[in-house]
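Structure first, commentary second.
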Amino acid sequence: MVASNDPADGREPQSAGEFNGQAEGPSIDPADVARFSAQAAEWWDAKGPFAPLHRFNPARLAFVRDRAAERFGRDVRARAPFAGLSLLDVGCGGGLMAEPMSRLGFEVTAIDASSENIGTARAHAAQTGLEIAYRAATVEQLEAEGAGPFDVVLTLEVIEHVADPAAFVRTCARLVKPGGMLVVATLNRTLKSLALGKVAAEYVLRWVPAGTHDWRQFLKPDEIREMLAPEPLTVMGPYGLVYDPLSDRWRESADAGINYMMVGLRD
């Protein structure tokens with residue numbers, strides 16, 4: 001069922017619990033959706049297949065929090081510093097970013113192409129008492145319905161899994177409110193990322209299941225910049241994220257050879 005944003009139809013907007021449709025759109029890669037759906041129940045197991053993402057998440061969270069504070073003039077030390085602002089988490093998985101964003105005060109909408117992921121995310125949010133509008137949907141569906149726009153749009157480690165990265169990221173950009181920001185995180189297509197982000201991570205260290213990534217689908221920062229060129233965005237980055245084995249932590253770095261983030265500020 002598709003949400004209506006037309007007040008003339010006499011219906012109230014649907015709540016998150018009323019969205020029972022399936023995700024549809026040209027950005028979907030069925031093989032990748034199936035792969036993540038098969039692991040949906042394990043998103044919140046910090047020692048399970050998503051354990052590396054649990055260690056990675058604090059660095060992503062800090063990056064988004066600090067850039068959003070700069071953009072919107074908010075004090076991150078305040079309680080719920082982003083109250084009054086809306087955020088869309090595209091490809092939210094089990095909700096590992098959506099939940100902390102909600103705790104920071106954002107009104108969060110989170111979508112994923114996998115209904116199984118959304119089911120896990122909804123159940124976990126209910127257990128923690130968070131109100132997050134979860135939905136199995138694509139950015140194409142949201143745009144077609146006239147959803148948003150949102151102050152912040154996140155698409156973190158998603159673009160390398162979609163069928164048409166250029167169309168996908170431009171649709172994400174169009175869902176950003178004037179004055180808002182887009183954050184894209186992905187992996188760079190370098191020999192370093194092939195050796196460490198693909199071969200070592202999947203086959204040596206076993207950080208993620210074998211076959212999780214296709215190195216050929218990794219994107220260089222300039223490719224993302226070119227994809228976003230038609231949109232009214234000022235694109236900044238790349239901002240690297242690197243793993244420190246001594247502290248077992250990820251941190252922001254000038255080294256964008258493997259993991260990196262890009263920020264687009266909408267005019």
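Letters A, B, ... mark the chains of the structure tokens in the order given; residue numbers begin at 1 per chain; ligand numbers begin at 1, in order shown.
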
Neighbouring residues of Phe63 in chain A were defined as those with any atom within 10 Å, considering only C-alpha atoms; residues of the same chain fewer than 4 positions away were excluded. Please report them as a ChimeraX atom specification.
/A:57-59,67-69,183,239,241,251-252,261

I need the chosen residues saved as a PDB file, in the first residue's frame, with N, CA and C atoms.
```pdb
ATOM      1  N   ASN A  57      30.524   1.201  13.934  1.00  0.00           N
ATOM      2  CA  ASN A  57      29.422   2.150  14.098  1.00  0.00           C
ATOM      3  C   ASN A  57      29.759   3.405  14.899  1.00  0.00           C
ATOM      4  N   PRO A  58      30.511   3.327  16.000  1.00  0.00           N
ATOM      5  CA  PRO A  58      30.808   4.554  16.745  1.00  0.00           C
ATOM      6  C   PRO A  58      31.503   5.619  15.903  1.00  0.00           C
ATOM      7  N   ALA A  59      32.392   5.209  14.992  1.00  0.00           N
ATOM      8  CA  ALA A  59      33.080   6.180  14.140  1.00  0.00           C
ATOM      9  C   ALA A  59      32.114   6.816  13.152  1.00  0.00           C
ATOM     10  N   ARG A  67      29.230  16.465  11.827  1.00  0.00           N
ATOM     11  CA  ARG A  67      28.926  17.233  10.607  1.00  0.00           C
ATOM     12  C   ARG A  67      27.549  17.857  10.679  1.00  0.00           C
ATOM     13  N   ALA A  68      26.592  17.148  11.251  1.00  0.00           N
ATOM     14  CA  ALA A  68      25.249  17.709  11.391  1.00  0.00           C
ATOM     15  C   ALA A  68      25.245  18.878  12.380  1.00  0.00           C
ATOM     16  N   ALA A  69      26.025  18.770  13.436  1.00  0.00           N
ATOM     17  CA  ALA A  69      26.117  19.866  14.414  1.00  0.00           C
ATOM     18  C   ALA A  69      26.671  21.114  13.747  1.00  0.00           C
ATOM     19  N   VAL A 183      24.813  12.317   3.455  1.00  0.00           N
ATOM     20  CA  VAL A 183      26.050  11.638   3.822  1.00  0.00           C
ATOM     21  C   VAL A 183      26.068  10.282   3.128  1.00  0.00           C
ATOM     22  N   TYR A 239      36.336  11.707   3.289  1.00  0.00           N
ATOM     23  CA  TYR A 239      36.813  11.641   4.653  1.00  0.00           C
ATOM     24  C   TYR A 239      37.029  10.156   4.962  1.00  0.00           C
ATOM     25  N   LEU A 241      37.927   6.606   6.888  1.00  0.00           N
ATOM     26  CA  LEU A 241      37.745   5.932   8.170  1.00  0.00           C
ATOM     27  C   LEU A 241      38.687   4.728   8.171  1.00  0.00           C
ATOM     28  N   ARG A 251      38.529   5.134  13.360  1.00  0.00           N
ATOM     29  CA  ARG A 251      38.620   6.574  13.567  1.00  0.00           C
ATOM     30  C   ARG A 251      38.677   7.271  12.209  1.00  0.00           C
ATOM     31  N   GLU A 252      38.343   8.575  12.234  1.00  0.00           N
ATOM     32  CA  GLU A 252      38.432   9.372  11.013  1.00  0.00           C
ATOM     33  C   GLU A 252      39.900   9.597  10.658  1.00  0.00           C
ATOM     34  N   MET A 261      33.790   8.553   3.520  1.00  0.00           N
ATOM     35  CA  MET A 261      32.483   9.187   3.535  1.00  0.00           C
ATOM     36  C   MET A 261      32.544  10.479   2.724  1.00  0.00           C
TER      37      MET A 261
END
```

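Counting from CA of Ala110 in chain A, the distance to CA of Ser193 in chain A is 28.4 Å.
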
Could you list, as a PyMOL selection string, every residue within 7 Å of Ala173 in chain A, counting only C-alpha atoms and ignoring same-chain residues fewer than 3 positions away?
chain A and resi 169-170+176+182+231

Taking only C-alpha atoms into account, which of A:Arg266, A:Gly180, A:Gly94, A:Gly240 comes nearest Ala254 in chain A?
A:Gly240

DSSP on the backbone, then: every residue of range 133-254 of chain A marked strand (DSSP E or B), written as a tab-separated table (two decimals) with all heavy atoms, in the first residue's frame.
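The result, stored in part29.tsv:
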```tsv
chain	number	residue	atom	x	y	z
A	133	ALA	N	10.14	5.48	12.26
A	133	ALA	CA	9.24	5.10	11.16
A	133	ALA	C	9.99	4.17	10.22
A	133	ALA	O	10.64	4.61	9.28
A	133	ALA	CB	8.73	6.34	10.42
A	134	TYR	N	9.90	2.87	10.49
A	134	TYR	CA	10.56	1.87	9.65
A	134	TYR	C	9.64	1.44	8.53
A	134	TYR	O	8.42	1.29	8.72
A	134	TYR	CB	10.94	0.64	10.48
A	134	TYR	CG	12.19	0.81	11.30
A	134	TYR	CD1	12.13	0.77	12.69
A	134	TYR	CD2	13.43	0.97	10.70
A	134	TYR	CE1	13.27	0.89	13.47
A	134	TYR	CE2	14.58	1.12	11.46
A	134	TYR	CZ	14.49	1.07	12.84
A	134	TYR	OH	15.63	1.21	13.60
A	135	ARG	N	10.25	1.17	7.37
A	135	ARG	CA	9.46	0.75	6.22
A	135	ARG	C	10.31	-0.01	5.21
A	135	ARG	O	11.44	0.38	4.93
A	135	ARG	CB	8.85	1.98	5.55
A	135	ARG	CG	7.97	1.62	4.35
A	135	ARG	CD	7.44	2.85	3.68
A	135	ARG	NE	6.73	2.50	2.47
A	135	ARG	CZ	6.32	3.37	1.55
A	135	ARG	NH1	6.56	4.66	1.73
A	135	ARG	NH2	5.67	2.97	0.48
A	136	ALA	N	9.77	-1.09	4.68
A	136	ALA	CA	10.41	-1.79	3.56
A	136	ALA	C	10.07	-1.02	2.29
A	136	ALA	O	8.95	-1.06	1.80
A	136	ALA	CB	9.89	-3.22	3.46
A	150	PHE	N	13.93	15.74	3.76
A	150	PHE	CA	14.51	15.52	5.07
A	150	PHE	C	15.72	16.42	5.28
A	150	PHE	O	16.44	16.75	4.34
A	150	PHE	CB	14.93	14.05	5.22
A	150	PHE	CG	13.82	13.08	5.00
A	150	PHE	CD1	13.52	12.62	3.72
A	150	PHE	CD2	13.06	12.62	6.07
A	150	PHE	CE1	12.49	11.72	3.50
A	150	PHE	CE2	12.01	11.72	5.86
A	150	PHE	CZ	11.73	11.28	4.58
A	151	ASP	N	15.94	16.81	6.53
A	151	ASP	CA	17.11	17.64	6.84
A	151	ASP	C	18.40	16.88	6.60
A	151	ASP	O	19.39	17.46	6.13
A	151	ASP	CB	17.05	18.10	8.30
A	151	ASP	CG	15.89	19.06	8.56
A	151	ASP	OD1	15.92	20.17	8.01
A	151	ASP	OD2	14.96	18.67	9.30
A	152	VAL	N	18.41	15.60	6.93
A	152	VAL	CA	19.59	14.76	6.74
A	152	VAL	C	19.17	13.47	6.05
A	152	VAL	O	18.18	12.85	6.43
A	152	VAL	CB	20.28	14.42	8.08
A	152	VAL	CG1	21.47	13.49	7.86
A	152	VAL	CG2	20.71	15.69	8.81
A	153	VAL	N	19.92	13.08	5.04
A	153	VAL	CA	19.73	11.77	4.39
A	153	VAL	C	21.04	11.01	4.50
A	153	VAL	O	22.09	11.51	4.10
A	153	VAL	CB	19.31	11.91	2.91
A	153	VAL	CG1	19.26	10.53	2.24
A	153	VAL	CG2	17.94	12.60	2.80
A	154	LEU	N	20.97	9.81	5.07
A	154	LEU	CA	22.13	8.94	5.20
A	154	LEU	C	22.00	7.75	4.28
A	154	LEU	O	20.93	7.13	4.21
A	154	LEU	CB	22.26	8.40	6.63
A	154	LEU	CG	22.28	9.39	7.80
A	154	LEU	CD1	22.41	8.61	9.12
A	154	LEU	CD2	23.42	10.38	7.65
A	155	THR	N	23.05	7.40	3.58
A	155	THR	CA	23.13	6.13	2.87
A	155	THR	C	24.53	5.58	3.10
A	155	THR	O	25.50	6.00	2.47
A	155	THR	CB	22.76	6.27	1.38
A	155	THR	OG1	22.93	5.00	0.75
A	155	THR	CG2	23.57	7.34	0.68
A	156	LEU	N	24.63	4.69	4.06
A	156	LEU	CA	25.92	4.24	4.58
A	156	LEU	C	26.17	2.79	4.21
A	156	LEU	O	25.41	1.89	4.60
A	156	LEU	CB	25.95	4.40	6.11
A	156	LEU	CG	25.53	5.78	6.64
A	156	LEU	CD1	25.60	5.81	8.17
A	156	LEU	CD2	26.37	6.90	6.04
A	176	VAL	N	16.75	15.46	0.02
A	176	VAL	CA	17.35	16.36	1.01
A	176	VAL	C	16.67	17.72	0.94
A	176	VAL	O	16.52	18.30	-0.13
A	176	VAL	CB	18.87	16.52	0.79
A	176	VAL	CG1	19.46	17.49	1.80
A	176	VAL	CG2	19.57	15.16	0.87
A	177	LYS	N	16.30	18.23	2.07
A	177	LYS	CA	15.66	19.54	2.17
A	177	LYS	C	16.68	20.65	1.85
A	177	LYS	O	17.86	20.51	2.15
A	177	LYS	CB	15.13	19.72	3.60
A	177	LYS	CG	14.31	20.97	3.86
A	177	LYS	CD	13.88	21.02	5.33
A	177	LYS	CE	12.94	19.90	5.69
A	177	LYS	NZ	12.42	20.04	7.09
A	178	PRO	N	16.26	21.75	1.23
A	178	PRO	CA	17.18	22.89	1.05
A	178	PRO	C	17.81	23.27	2.39
A	178	PRO	O	17.12	23.40	3.40
A	178	PRO	CB	16.27	23.99	0.52
A	178	PRO	CG	15.19	23.25	-0.21
A	178	PRO	CD	14.94	22.01	0.61
A	179	GLY	N	19.12	23.42	2.39
A	179	GLY	CA	19.84	23.70	3.63
A	179	GLY	C	20.25	22.44	4.37
A	179	GLY	O	20.94	22.53	5.39
A	180	GLY	N	19.83	21.28	3.86
A	180	GLY	CA	20.13	20.02	4.53
A	180	GLY	C	21.40	19.38	4.02
A	180	GLY	O	22.18	19.98	3.29
A	181	MET	N	21.60	18.12	4.42
A	181	MET	CA	22.85	17.45	4.07
A	181	MET	C	22.61	15.98	3.74
A	181	MET	O	21.73	15.33	4.30
A	181	MET	CB	23.88	17.59	5.19
A	181	MET	CG	23.46	16.97	6.51
A	181	MET	SD	24.70	17.23	7.84
A	181	MET	CE	25.98	16.09	7.32
A	182	LEU	N	23.45	15.49	2.83
A	182	LEU	CA	23.48	14.09	2.44
A	182	LEU	C	24.83	13.51	2.87
A	182	LEU	O	25.87	14.14	2.67
A	182	LEU	CB	23.34	13.98	0.92
A	182	LEU	CG	23.62	12.61	0.27
A	182	LEU	CD1	22.53	11.60	0.62
A	182	LEU	CD2	23.73	12.76	-1.26
A	183	VAL	N	24.81	12.32	3.46
A	183	VAL	CA	26.05	11.64	3.82
A	183	VAL	C	26.07	10.28	3.13
A	183	VAL	O	25.15	9.48	3.29
A	183	VAL	CB	26.18	11.45	5.34
A	183	VAL	CG1	27.50	10.74	5.67
A	183	VAL	CG2	26.11	12.78	6.07
A	184	VAL	N	27.12	10.05	2.35
A	184	VAL	CA	27.31	8.79	1.63
A	184	VAL	C	28.58	8.13	2.15
A	184	VAL	O	29.64	8.76	2.20
A	184	VAL	CB	27.45	9.03	0.11
A	184	VAL	CG1	27.61	7.70	-0.63
A	184	VAL	CG2	26.27	9.82	-0.44
A	185	ALA	N	28.47	6.87	2.54
A	185	ALA	CA	29.64	6.11	2.97
A	185	ALA	C	29.77	4.87	2.10
A	185	ALA	O	28.77	4.21	1.79
A	185	ALA	CB	29.52	5.70	4.44
A	186	THR	N	30.98	4.56	1.69
A	186	THR	CA	31.19	3.39	0.85
A	186	THR	C	32.66	2.99	0.91
A	186	THR	O	33.42	3.46	1.77
A	186	THR	CB	30.74	3.67	-0.60
A	186	THR	OG1	30.76	2.45	-1.35
A	186	THR	CG2	31.59	4.71	-1.28
A	187	LEU	N	33.06	2.10	-0.01
A	187	LEU	CA	34.45	1.65	-0.07
A	187	LEU	C	35.06	2.08	-1.40
A	187	LEU	O	34.41	2.05	-2.44
A	187	LEU	CB	34.53	0.12	0.04
A	187	LEU	CG	34.13	-0.47	1.39
A	187	LEU	CD1	32.71	-1.00	1.31
A	187	LEU	CD2	35.09	-1.57	1.81
A	233	LEU	N	24.09	20.47	-5.00
A	233	LEU	CA	24.81	20.11	-3.79
A	233	LEU	C	26.26	20.60	-3.87
A	233	LEU	O	26.87	20.56	-4.95
A	233	LEU	CB	24.86	18.60	-3.59
A	233	LEU	CG	23.56	17.82	-3.34
A	233	LEU	CD1	23.86	16.34	-3.34
A	233	LEU	CD2	22.93	18.23	-2.03
A	234	THR	N	26.79	21.00	-2.74
A	234	THR	CA	28.22	21.21	-2.61
A	234	THR	C	28.78	19.95	-1.98
A	234	THR	O	28.47	19.62	-0.83
A	234	THR	CB	28.53	22.43	-1.71
A	234	THR	OG1	27.96	23.59	-2.30
A	234	THR	CG2	30.03	22.62	-1.57
A	235	VAL	N	29.58	19.21	-2.75
A	235	VAL	CA	30.06	17.91	-2.30
A	235	VAL	C	31.46	18.03	-1.71
A	235	VAL	O	32.36	18.61	-2.32
A	235	VAL	CB	30.07	16.90	-3.47
A	235	VAL	CG1	30.56	15.53	-2.99
A	235	VAL	CG2	28.67	16.77	-4.06
A	236	MET	N	31.63	17.50	-0.51
A	236	MET	CA	32.90	17.58	0.20
A	236	MET	C	33.40	16.19	0.56
A	236	MET	O	32.61	15.27	0.75
A	236	MET	CB	32.73	18.43	1.46
A	236	MET	CG	32.24	19.85	1.19
A	236	MET	SD	32.14	20.84	2.71
A	236	MET	CE	30.97	19.88	3.66
A	237	GLY	N	34.71	16.05	0.65
A	237	GLY	CA	35.31	14.78	0.98
A	237	GLY	C	36.26	14.34	-0.12
A	237	GLY	O	36.50	15.09	-1.07
A	238	PRO	N	36.83	13.18	-0.02
A	238	PRO	CA	36.44	12.11	0.92
A	238	PRO	C	37.05	12.27	2.30
A	238	PRO	O	38.12	12.85	2.47
A	238	PRO	CB	37.01	10.86	0.24
A	238	PRO	CG	38.24	11.36	-0.46
A	238	PRO	CD	37.88	12.73	-0.96
A	239	TYR	N	36.34	11.71	3.29
A	239	TYR	CA	36.81	11.64	4.65
A	239	TYR	C	37.03	10.16	4.96
A	239	TYR	O	36.08	9.37	4.96
A	239	TYR	CB	35.78	12.22	5.62
A	239	TYR	CG	35.39	13.65	5.30
A	239	TYR	CD1	34.27	13.91	4.51
A	239	TYR	CD2	36.13	14.72	5.76
A	239	TYR	CE1	33.89	15.22	4.21
A	239	TYR	CE2	35.77	16.04	5.46
A	239	TYR	CZ	34.64	16.27	4.69
A	239	TYR	OH	34.28	17.56	4.40
A	240	GLY	N	38.27	9.77	5.19
A	240	GLY	CA	38.58	8.37	5.40
A	240	GLY	C	38.22	7.89	6.79
A	240	GLY	O	38.19	8.65	7.76
A	241	LEU	N	37.93	6.61	6.89
A	241	LEU	CA	37.75	5.93	8.17
A	241	LEU	C	38.69	4.73	8.17
A	241	LEU	O	38.66	3.91	7.25
A	241	LEU	CB	36.30	5.47	8.36
A	241	LEU	CG	35.24	6.56	8.53
A	241	LEU	CD1	33.85	5.94	8.60
A	241	LEU	CD2	35.50	7.39	9.78
A	242	VAL	N	39.54	4.63	9.20
A	242	VAL	CA	40.53	3.56	9.25
A	242	VAL	C	40.43	2.80	10.57
A	242	VAL	O	40.01	3.35	11.59
A	242	VAL	CB	41.97	4.10	9.06
A	242	VAL	CG1	42.11	4.78	7.71
A	242	VAL	CG2	42.34	5.06	10.19
A	243	TYR	N	40.85	1.56	10.50
A	243	TYR	CA	40.84	0.69	11.68
A	243	TYR	C	42.20	0.70	12.35
A	243	TYR	O	43.23	0.53	11.70
A	243	TYR	CB	40.47	-0.73	11.26
A	243	TYR	CG	40.55	-1.75	12.37
A	243	TYR	CD1	39.66	-1.70	13.44
A	243	TYR	CD2	41.51	-2.76	12.35
A	243	TYR	CE1	39.73	-2.63	14.46
A	243	TYR	CE2	41.59	-3.70	13.36
A	243	TYR	CZ	40.69	-3.63	14.42
A	243	TYR	OH	40.76	-4.56	15.43
A	244	ASP	N	42.21	0.89	13.66
A	244	ASP	CA	43.43	0.86	14.46
A	244	ASP	C	43.45	-0.47	15.23
A	244	ASP	O	42.70	-0.64	16.21
A	244	ASP	CB	43.45	2.03	15.45
A	244	ASP	CG	44.72	2.06	16.29
A	244	ASP	OD1	45.53	1.12	16.20
A	244	ASP	OD2	44.90	3.02	17.06
A	249	ARG	N	39.68	-0.03	17.34
A	249	ARG	CA	38.68	1.00	17.08
A	249	ARG	C	38.88	1.59	15.69
A	249	ARG	O	39.98	1.57	15.14
A	249	ARG	CB	38.77	2.13	18.12
A	249	ARG	CG	38.36	1.72	19.52
A	249	ARG	CD	38.46	2.89	20.48
A	249	ARG	NE	38.05	2.53	21.83
A	249	ARG	CZ	38.06	3.37	22.85
A	249	ARG	NH1	38.48	4.62	22.69
A	249	ARG	NH2	37.68	2.96	24.05
A	250	TRP	N	37.78	2.13	15.16
A	250	TRP	CA	37.83	2.88	13.91
A	250	TRP	C	37.88	4.36	14.24
A	250	TRP	O	37.34	4.81	15.26
A	250	TRP	CB	36.59	2.59	13.07
A	250	TRP	CG	36.56	1.21	12.49
A	250	TRP	CD1	36.18	0.06	13.12
A	250	TRP	CD2	36.94	0.83	11.16
A	250	TRP	NE1	36.29	-1.01	12.28
A	250	TRP	CE2	36.75	-0.57	11.06
A	250	TRP	CE3	37.40	1.54	10.05
A	250	TRP	CZ2	37.01	-1.27	9.90
A	250	TRP	CZ3	37.66	0.84	8.88
A	250	TRP	CH2	37.47	-0.54	8.81
A	251	ARG	N	38.53	5.13	13.36
A	251	ARG	CA	38.62	6.57	13.57
A	251	ARG	C	38.68	7.27	12.21
A	251	ARG	O	39.03	6.67	11.19
A	251	ARG	CB	39.86	6.93	14.39
A	251	ARG	CG	41.17	6.47	13.75
A	251	ARG	CD	42.38	6.86	14.58
A	251	ARG	NE	43.61	6.29	14.04
A	251	ARG	CZ	44.28	6.80	13.00
A	251	ARG	NH1	43.84	7.91	12.40
A	251	ARG	NH2	45.38	6.22	12.57
A	252	GLU	N	38.34	8.57	12.23
A	252	GLU	CA	38.43	9.37	11.01
A	252	GLU	C	39.90	9.60	10.66
A	252	GLU	O	40.75	9.74	11.54
A	252	GLU	CB	37.73	10.71	11.20
A	252	GLU	CG	37.60	11.52	9.92
A	252	GLU	CD	36.78	12.79	10.11
A	252	GLU	OE1	35.97	12.86	11.06
A	252	GLU	OE2	36.96	13.71	9.28
A	253	SER	N	40.19	9.62	9.35
A	253	SER	CA	41.58	9.72	8.90
A	253	SER	C	41.63	10.39	7.54
A	253	SER	O	40.64	10.44	6.81
A	253	SER	CB	42.20	8.32	8.82
A	253	SER	OG	43.42	8.32	8.12
```

Going by DSSP on the backbone, which bits of range 25-212 of chain A are alpha helix (DSSP H)? Write them as a PyMOL selection string, please.
chain A and resi 30-37+51-72+98-103+115-128+139-145+165-174+191-192

May I have the residues within 7 Å of range 96-98 of chain A as a list of chain:residue names, using only C-alpha atoms and disregarding those fewer than 3 positions away in the same chain?
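The residues that qualify are A:Asp89, A:Cys92, A:Met101, A:Ser102, A:Val108, A:Ala110.
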
Hey, what's within 8 Å of Arg122 in chain A if we count only C-alpha atoms and toss same-chain stuff fewer than 3 positions away? As JSON, numbers by chain, please?
{"A": [118, 119, 125, 126, 132, 134]}

For those residues, write all heavy atoms to a file as a PDB file, in the first residue's frame.
```pdb
ATOM      1  N   ILE A 118      13.722  -4.973   8.103  1.00  0.00           N
ATOM      2  CA  ILE A 118      12.780  -4.031   8.723  1.00  0.00           C
ATOM      3  C   ILE A 118      12.070  -4.676   9.908  1.00  0.00           C
ATOM      4  O   ILE A 118      11.851  -4.043  10.948  1.00  0.00           O
ATOM      5  CB  ILE A 118      11.770  -3.519   7.674  1.00  0.00           C
ATOM      6  CG1 ILE A 118      12.469  -2.610   6.664  1.00  0.00           C
ATOM      7  CG2 ILE A 118      10.609  -2.788   8.353  1.00  0.00           C
ATOM      8  CD1 ILE A 118      13.077  -1.347   7.252  1.00  0.00           C
ATOM      9  N   GLY A 119      11.725  -5.954   9.781  1.00  0.00           N
ATOM     10  CA  GLY A 119      11.088  -6.641  10.895  1.00  0.00           C
ATOM     11  C   GLY A 119      11.987  -6.685  12.115  1.00  0.00           C
ATOM     12  O   GLY A 119      11.541  -6.439  13.249  1.00  0.00           O
ATOM     13  N   ALA A 125      13.546  -1.715  18.059  1.00  0.00           N
ATOM     14  CA  ALA A 125      13.141  -0.364  18.471  1.00  0.00           C
ATOM     15  C   ALA A 125      12.000  -0.425  19.480  1.00  0.00           C
ATOM     16  O   ALA A 125      11.948   0.367  20.432  1.00  0.00           O
ATOM     17  CB  ALA A 125      12.731   0.453  17.249  1.00  0.00           C
ATOM     18  N   ALA A 126      11.086  -1.375  19.301  1.00  0.00           N
ATOM     19  CA  ALA A 126       9.972  -1.522  20.243  1.00  0.00           C
ATOM     20  C   ALA A 126      10.484  -1.918  21.622  1.00  0.00           C
ATOM     21  O   ALA A 126       9.980  -1.436  22.647  1.00  0.00           O
ATOM     22  CB  ALA A 126       8.984  -2.565  19.722  1.00  0.00           C
ATOM     23  N   ILE A 132      10.567   5.064  15.684  1.00  0.00           N
ATOM     24  CA  ILE A 132      11.239   5.208  14.395  1.00  0.00           C
ATOM     25  C   ILE A 132      10.296   4.708  13.313  1.00  0.00           C
ATOM     26  O   ILE A 132       9.712   3.636  13.451  1.00  0.00           O
ATOM     27  CB  ILE A 132      12.559   4.404  14.375  1.00  0.00           C
ATOM     28  CG1 ILE A 132      13.525   4.939  15.440  1.00  0.00           C
ATOM     29  CG2 ILE A 132      13.205   4.454  12.986  1.00  0.00           C
ATOM     30  CD1 ILE A 132      14.771   4.086  15.633  1.00  0.00           C
ATOM     31  N   TYR A 134       9.903   2.869  10.487  1.00  0.00           N
ATOM     32  CA  TYR A 134      10.559   1.874   9.650  1.00  0.00           C
ATOM     33  C   TYR A 134       9.637   1.437   8.526  1.00  0.00           C
ATOM     34  O   TYR A 134       8.422   1.291   8.718  1.00  0.00           O
ATOM     35  CB  TYR A 134      10.941   0.641  10.476  1.00  0.00           C
ATOM     36  CG  TYR A 134      12.186   0.810  11.302  1.00  0.00           C
ATOM     37  CD1 TYR A 134      12.125   0.767  12.695  1.00  0.00           C
ATOM     38  CD2 TYR A 134      13.432   0.975  10.703  1.00  0.00           C
ATOM     39  CE1 TYR A 134      13.271   0.895  13.471  1.00  0.00           C
ATOM     40  CE2 TYR A 134      14.582   1.119  11.463  1.00  0.00           C
ATOM     41  CZ  TYR A 134      14.493   1.066  12.840  1.00  0.00           C
ATOM     42  OH  TYR A 134      15.635   1.206  13.600  1.00  0.00           O
TER      43      TYR A 134
END
```
